[in-house]
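Q: File structure14.pdb below, PDB, C-alpha atoms:
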ATOM      1  CA  MET A  51     127.903 139.021 163.287
ATOM      2  CA  ASN A  52     127.676 136.567 166.061
ATOM      3  CA  ARG A  53     127.451 132.857 165.527
ATOM      4  CA  ALA A  54     123.702 132.538 166.233
ATOM      5  CA  LYS A  55     122.792 135.140 163.610
ATOM      6  CA  LEU A  56     125.011 133.446 161.042
ATOM      7  CA  VAL A  57     123.421 130.051 161.670
ATOM      8  CA  ALA A  58     119.934 131.576 161.431
ATOM      9  CA  LEU A  59     120.805 133.273 158.138
ATOM     10  CA  LEU A  60     122.184 130.053 156.669
ATOM     11  CA  LEU A  61     119.103 128.128 157.790
ATOM     12  CA  ILE A  62     116.725 130.656 156.216
ATOM     13  CA  SER A  63     118.636 130.653 152.910
ATOM     14  CA  PHE A  64     118.656 126.836 152.874
ATOM     15  CA  ILE A  65     114.881 126.714 153.428
ATOM     16  CA  ALA A  66     114.259 129.354 150.730
ATOM     17  CA  THR A  67     116.439 127.526 148.221
ATOM     18  CA  SER A  68     114.764 124.203 148.987
ATOM     19  CA  SER A  69     111.348 125.777 148.538
ATOM     20  CA  VAL A  70     112.258 127.170 145.124
ATOM     21  CA  ILE A  71     113.675 123.811 143.988
ATOM     22  CA  TYR A  72     110.535 122.020 145.199
ATOM     23  CA  GLN A  73     108.268 124.434 143.298
ATOM     24  CA  ILE A  74     110.286 124.098 140.104
ATOM     25  CA  ARG A  75     110.256 120.300 140.210
ATOM     26  CA  ASN A  76     106.560 119.959 141.059
ATOM     27  CA  ARG A  77     104.965 122.607 138.880
ATOM     28  CA  LYS A  78     102.422 121.487 136.349
ATOM     29  CA  PRO A  79     103.182 122.456 132.760
ATOM     30  CA  SER A  80     100.737 124.938 131.312
ATOM     31  CA  GLN A  81      98.998 124.003 128.112
ATOM     32  CA  GLY A  82     100.475 125.496 124.947
ATOM     33  CA  VAL A  83      98.566 128.264 123.237
ATOM     34  CA  VAL A  84      98.791 129.149 119.575
ATOM     35  CA  VAL A  85      99.061 132.910 119.365
ATOM     36  CA  GLY A  86      96.685 134.362 116.807
ATOM     37  CA  SER A  87      93.898 131.830 117.188
ATOM     38  CA  ALA A  88      90.943 131.687 119.511
ATOM     39  CA  PRO A  89      89.487 128.561 121.061
ATOM     40  CA  GLU A  90      86.815 126.822 119.088
ATOM     41  CA  PRO A  91      83.385 128.180 120.028
ATOM     42  CA  LYS A  92      81.191 125.907 122.051
ATOM     43  CA  PRO A  93      78.050 124.748 120.296
ATOM     44  CA  PRO A  94      75.264 127.215 121.048
ATOM     45  CA  VAL A  95      72.638 126.195 123.530
ATOM     46  CA  ARG A  96      69.166 126.070 122.075
ATOM     47  CA  GLY A  97      67.726 129.453 122.061
ATOM     48  CA  ALA A  98      69.223 132.852 121.411
ATOM     49  CA  PRO A  99      72.988 133.162 121.484
ATOM     50  CA  SER A 100      74.320 134.447 124.716
ATOM     51  CA  PRO A 101      76.387 137.626 124.756
ATOM     52  CA  ALA A 102      79.473 135.618 125.773
ATOM     53  CA  SER A 103      79.305 133.449 122.657
ATOM     54  CA  ALA A 104      78.793 136.534 120.496
ATOM     55  CA  ILE A 105      81.950 138.030 121.968
ATOM     56  CA  THR A 106      83.845 134.804 121.335
ATOM     57  CA  VAL A 107      82.744 134.655 117.693
ATOM     58  CA  THR A 108      83.584 138.317 117.207
ATOM     59  CA  ALA A 109      86.988 137.865 118.800
ATOM     60  CA  ARG A 110      87.649 134.831 116.631
ATOM     61  CA  THR A 111      86.698 136.717 113.499
ATOM     62  CA  ASN A 112      88.908 139.678 114.417
ATOM     63  CA  VAL A 113      91.831 137.436 115.244
ATOM     64  CA  GLY A 114      91.407 135.559 111.999
ATOM     65  CA  THR A 115      91.412 138.828 110.037
ATOM     66  CA  ALA A 116      94.457 140.066 111.895
ATOM     67  CA  GLN A 117      96.109 136.693 111.337
ATOM     68  CA  GLN A 118      95.554 136.917 107.588
ATOM     69  CA  ASN A 119      97.300 140.302 107.574
ATOM     70  CA  ARG A 120     100.175 139.136 109.777
ATOM     71  CA  GLY A 121     101.085 135.809 108.177
ATOM     72  CA  PRO A 122     101.441 132.377 109.813
ATOM     73  CA  ALA A 123     100.439 131.783 113.419
ATOM     74  CA  LEU A 124     103.170 131.794 116.000
ATOM     75  CA  ASN A 125     103.499 128.703 118.156
ATOM     76  CA  VAL A 126     104.287 129.130 121.809
ATOM     77  CA  PRO A 127     105.930 126.070 123.382
ATOM     78  CA  ALA A 128     104.017 124.250 126.135
ATOM     79  CA  THR A 129     106.310 125.665 128.795
ATOM     80  CA  GLY A 130     105.717 129.219 127.572
ATOM     81  CA  TRP A 131     109.449 129.741 127.149
ATOM     82  CA  GLY A 132     111.530 129.750 124.026
ATOM     83  CA  ARG A 133     109.921 132.245 121.659
ATOM     84  CA  ASN A 134     111.474 135.672 121.237
ATOM     85  CA  PRO A 135     108.674 138.183 121.906
ATOM     86  CA  PHE A 136     110.459 140.904 119.952
ATOM     87  CA  LEU A 137     110.472 139.178 116.549
ATOM     88  CA  THR A 138     108.311 140.724 113.856
ATOM     89  CA  PRO A 139     106.166 138.483 111.637
ATOM     90  CA  GLU A 140     108.573 139.102 108.744
ATOM     91  CA  GLU A 141     111.504 137.911 110.839
ATOM     92  CA  ILE A 142     109.543 134.819 111.883
ATOM     93  CA  ASP A 143     108.714 134.067 108.228
ATOM     94  CA  LYS A 144     112.390 134.395 107.374
ATOM     95  CA  LEU A 145     113.353 132.023 110.208
ATOM     96  CA  ASN A 146     110.724 129.461 109.112
ATOM     97  CA  GLN A 147     112.036 129.336 105.524
ATOM     98  CA  PRO A 148     114.419 126.493 104.666
ATOM     99  CA  ASP A 149     118.078 127.320 104.454
ATOM    100  CA  VAL A 150     119.277 128.290 101.011
ATOM    101  CA  PRO A 151     122.592 126.702 100.069
ATOM    102  CA  VAL A 152     125.270 129.313  99.699
ATOM    103  CA  ALA A 153     127.950 128.941  97.051
ATOM    104  CA  VAL A 154     131.334 129.369  98.639
ATOM    105  CA  ALA A 155     134.256 130.339  96.470
ATOM    106  CA  THR A 156     137.154 127.930  96.631
ATOM    107  CA  PRO A 157     140.045 129.648  98.338
ATOM    108  CA  VAL A 158     143.109 130.124  96.189
ATOM    109  CA  PRO A 159     145.945 128.096  97.664
ATOM    110  CA  LYS A 160     148.841 130.245  98.754
ATOM    111  CA  PRO A 161     152.232 129.337  97.397
ATOM    112  CA  PRO A 162     154.298 127.478  99.980
ATOM    113  CA  VAL A 163     156.397 129.809 102.038
ATOM    114  CA  GLU A 164     160.034 128.862 101.797
ATOM    115  CA  PRO A 165     161.985 129.209 104.986
ATOM    116  CA  PRO A 166     164.420 132.090 104.932
ATOM    117  CA  SER A 167     167.793 131.053 103.634
ATOM    118  CA  LEU A 168     170.329 130.576 106.351
ATOM    119  CA  PRO A 169     173.323 132.891 106.259
ATOM    120  CA  ALA A 170     176.549 131.682 104.722
ATOM    121  CA  TYR A 171     179.253 131.389 107.333
ATOM    122  CA  SER A 172     182.893 130.758 106.574
ATOM    123  CA  VAL A 173     184.864 128.333 108.696
ATOM    124  CA  THR A 174     188.463 129.524 108.581
ATOM    125  CA  GLY A 175     190.075 127.325 111.235
ATOM    126  CA  ILE A 176     189.737 124.292 113.505
ATOM    127  CA  ILE A 177     191.621 124.065 116.806
ATOM    128  CA  SER A 178     192.032 120.743 118.642
ATOM    129  CA  GLY A 179     193.331 120.535 122.181
ATOM    130  CA  ASP A 180     192.912 118.955 125.594
ATOM    131  CA  GLN A 181     189.652 120.861 126.151
ATOM    132  CA  GLY A 182     188.077 119.666 122.904
ATOM    133  CA  LYS A 183     187.709 121.096 119.434
ATOM    134  CA  TRP A 184     187.046 124.722 118.602
ATOM    135  CA  ALA A 185     186.228 126.379 115.295
ATOM    136  CA  ILE A 186     186.847 129.843 113.961
ATOM    137  CA  VAL A 187     183.669 130.955 112.199
ATOM    138  CA  ASP A 188     183.657 134.433 110.673
ATOM    139  CA  GLY A 189     186.486 135.465 112.996
ATOM    140  CA  ARG A 190     184.681 134.172 116.109
ATOM    141  CA  LEU A 191     185.880 131.256 118.229
ATOM    142  CA  VAL A 192     183.032 128.746 118.887
ATOM    143  CA  ARG A 193     182.663 125.264 120.350
ATOM    144  CA  PRO A 194     179.814 122.690 120.299
ATOM    145  CA  GLY A 195     176.615 123.951 121.964
ATOM    146  CA  GLU A 196     177.186 127.638 121.207
ATOM    147  CA  GLN A 197     174.853 129.723 119.046
ATOM    148  CA  ILE A 198     175.767 131.332 115.740
ATOM    149  CA  GLY A 199     172.818 133.505 114.746
ATOM    150  CA  THR A 200     169.771 131.211 114.914
ATOM    151  CA  GLU A 201     171.805 128.027 114.558
ATOM    152  CA  THR A 202     173.577 125.899 117.158
ATOM    153  CA  VAL A 203     177.008 124.385 116.666
ATOM    154  CA  LYS A 204     176.258 120.674 117.008
ATOM    155  CA  GLU A 205     179.708 119.263 116.300
ATOM    156  CA  VAL A 206     183.186 120.420 115.357
ATOM    157  CA  LYS A 207     184.869 117.963 112.977
ATOM    158  CA  ASP A 208     188.407 117.818 111.604
ATOM    159  CA  ARG A 209     187.382 119.370 108.274
ATOM    160  CA  GLY A 210     184.319 121.477 109.145
ATOM    161  CA  ILE A 211     181.432 122.045 111.550
ATOM    162  CA  VAL A 212     177.825 120.830 111.798
ATOM    163  CA  LEU A 213     175.128 123.442 112.479
ATOM    164  CA  GLU A 214     171.571 122.657 113.642
ATOM    165  CA  HIS A 215     168.441 124.791 113.144
ATOM    166  CA  ASP A 216     164.868 123.584 113.931
ATOM    167  CA  GLY A 217     165.946 119.938 113.904
ATOM    168  CA  GLN A 218     167.693 120.202 110.517
ATOM    169  CA  THR A 219     171.443 120.059 110.224
ATOM    170  CA  ARG A 220     173.895 121.365 107.685
ATOM    171  CA  GLU A 221     177.637 120.974 107.416
ATOM    172  CA  LEU A 222     179.979 123.838 106.685
ATOM    173  CA  PRO A 223     183.385 122.755 105.332
ATOM    174  CA  LEU A 224     186.682 124.258 106.390
ATOM    175  CA  LYS A 225     187.866 126.771 103.812
ATOM    176  CA  LYS A 226     191.089 125.990 102.025
ATOM    177  CA  ILE A 227     194.059 128.168 102.844
ATOM    178  CA  GLU A 228     194.230 129.402  99.269
ATOM    179  CA  ASP A 229     190.606 130.647  99.424
ATOM    180  CA  THR A 230     191.230 132.323 102.749
ATOM    181  CA  VAL A 231     194.395 134.114 101.555
ATOM    182  CA  ALA A 232     192.769 135.154  98.278
ATOM    183  CA  ALA A 233     189.739 136.598 100.107
ATOM    184  CA  ALA A 234     191.863 138.570 102.563
ATOM    185  CA  PRO A 235     192.313 142.236 101.746
ATOM    186  CA  PRO A 236     195.769 143.191 100.555
ATOM    187  CA  LYS A 237     198.099 144.496 103.215
ATOM    188  CA  LYS A 238     199.159 148.071 103.017
ATOM    189  CA  GLU A 239     202.820 148.781 103.188
ATOM    190  CA  VAL A 240     203.788 150.978 106.016
ATOM    191  CA  LYS A 241     206.579 153.459 105.294
ATOM    192  CA  PRO A 242     208.914 154.188 108.171
TER     193      PRO A 242
END
Output the file's structure as structure tokens, nothing else.
A:
Amino acid sequence: MNRAKLVALLLISFIATSSVIYQIRNRKPSQGVVVGSAPEPKPPVRGAPSPASAITVTARTNVGTAQQNRGPALNVPATGWGRNPFLTPEEIDKLNQPDVPVAVATPVPKPPVEPPSLPAYSVTGIISGDQGKWAIVDGRLVRPGEQIGTETVKEVKDRGIVLEHDGQTRELPLKKIEDTVAAAPPKKEVKP
């Protein structure tokens, strides 16, 4: 498209949009009508009733009879918008009834869920050197900042380590040599 056509198209769409906005802002609201009722008949002019007034009275009578069979009259808002045209009179009656309080059963409180117990690790040795302290945990050499399962080694002390999990800490003591030797499996003698 060349530039002139594009400018013309934009100008036409701007004018059309402005026209629609002007019409929406300046429209006069229509008067609300109650569906199911006819306007009040005008007082008859002296003399015989005209056919138009006979039709109006007949229409009013028929609408009134139909209204008695259908239930309450439906109100249409002044703007004509807002009422669902697909509702049946029974559904409208149900919507017009006041809300009935509903008894809600009190929920049974669930027992508090205990966090899973953290595994028991055994600290079998502490090593101190120029590069810092190390710990032997379940046969694995670890230092502060390393992970053991879901826990982080926060600190290695002289007599144990401090583990951290979700902001909570726990301290694991260094096992005594007697407990470590007693827990070790017996050595098998090798025959030459």
Q: From the options A:Leu56, A:Ile65, A:Ile227, A:Leu168, which residue's atoms come nearest to A:Ile198, counting all atoms listed in the file?
A: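 Of A:Leu56, A:Ile65, A:Ile227, A:Leu168, the one nearest A:Ile198 is A:Leu168, counting all atoms listed in the file.
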Q: Rounded to one decimal, what separation in Å do you get between atom CA of A:Gln218 and atom CA of A:Asp180?
A: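 For atom CA of A:Gln218 relative to atom CA of A:Asp180, the distance reads 29.4 Å.
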Q: Between A:Ser69, A:Asn52, A:Ser63, A:Ser172, which residue has the minimum interatomic distance to A:Arg190, considering all atoms listed in the file?
A: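 Distance minimum relative to A:Arg190 lands on A:Ser172.
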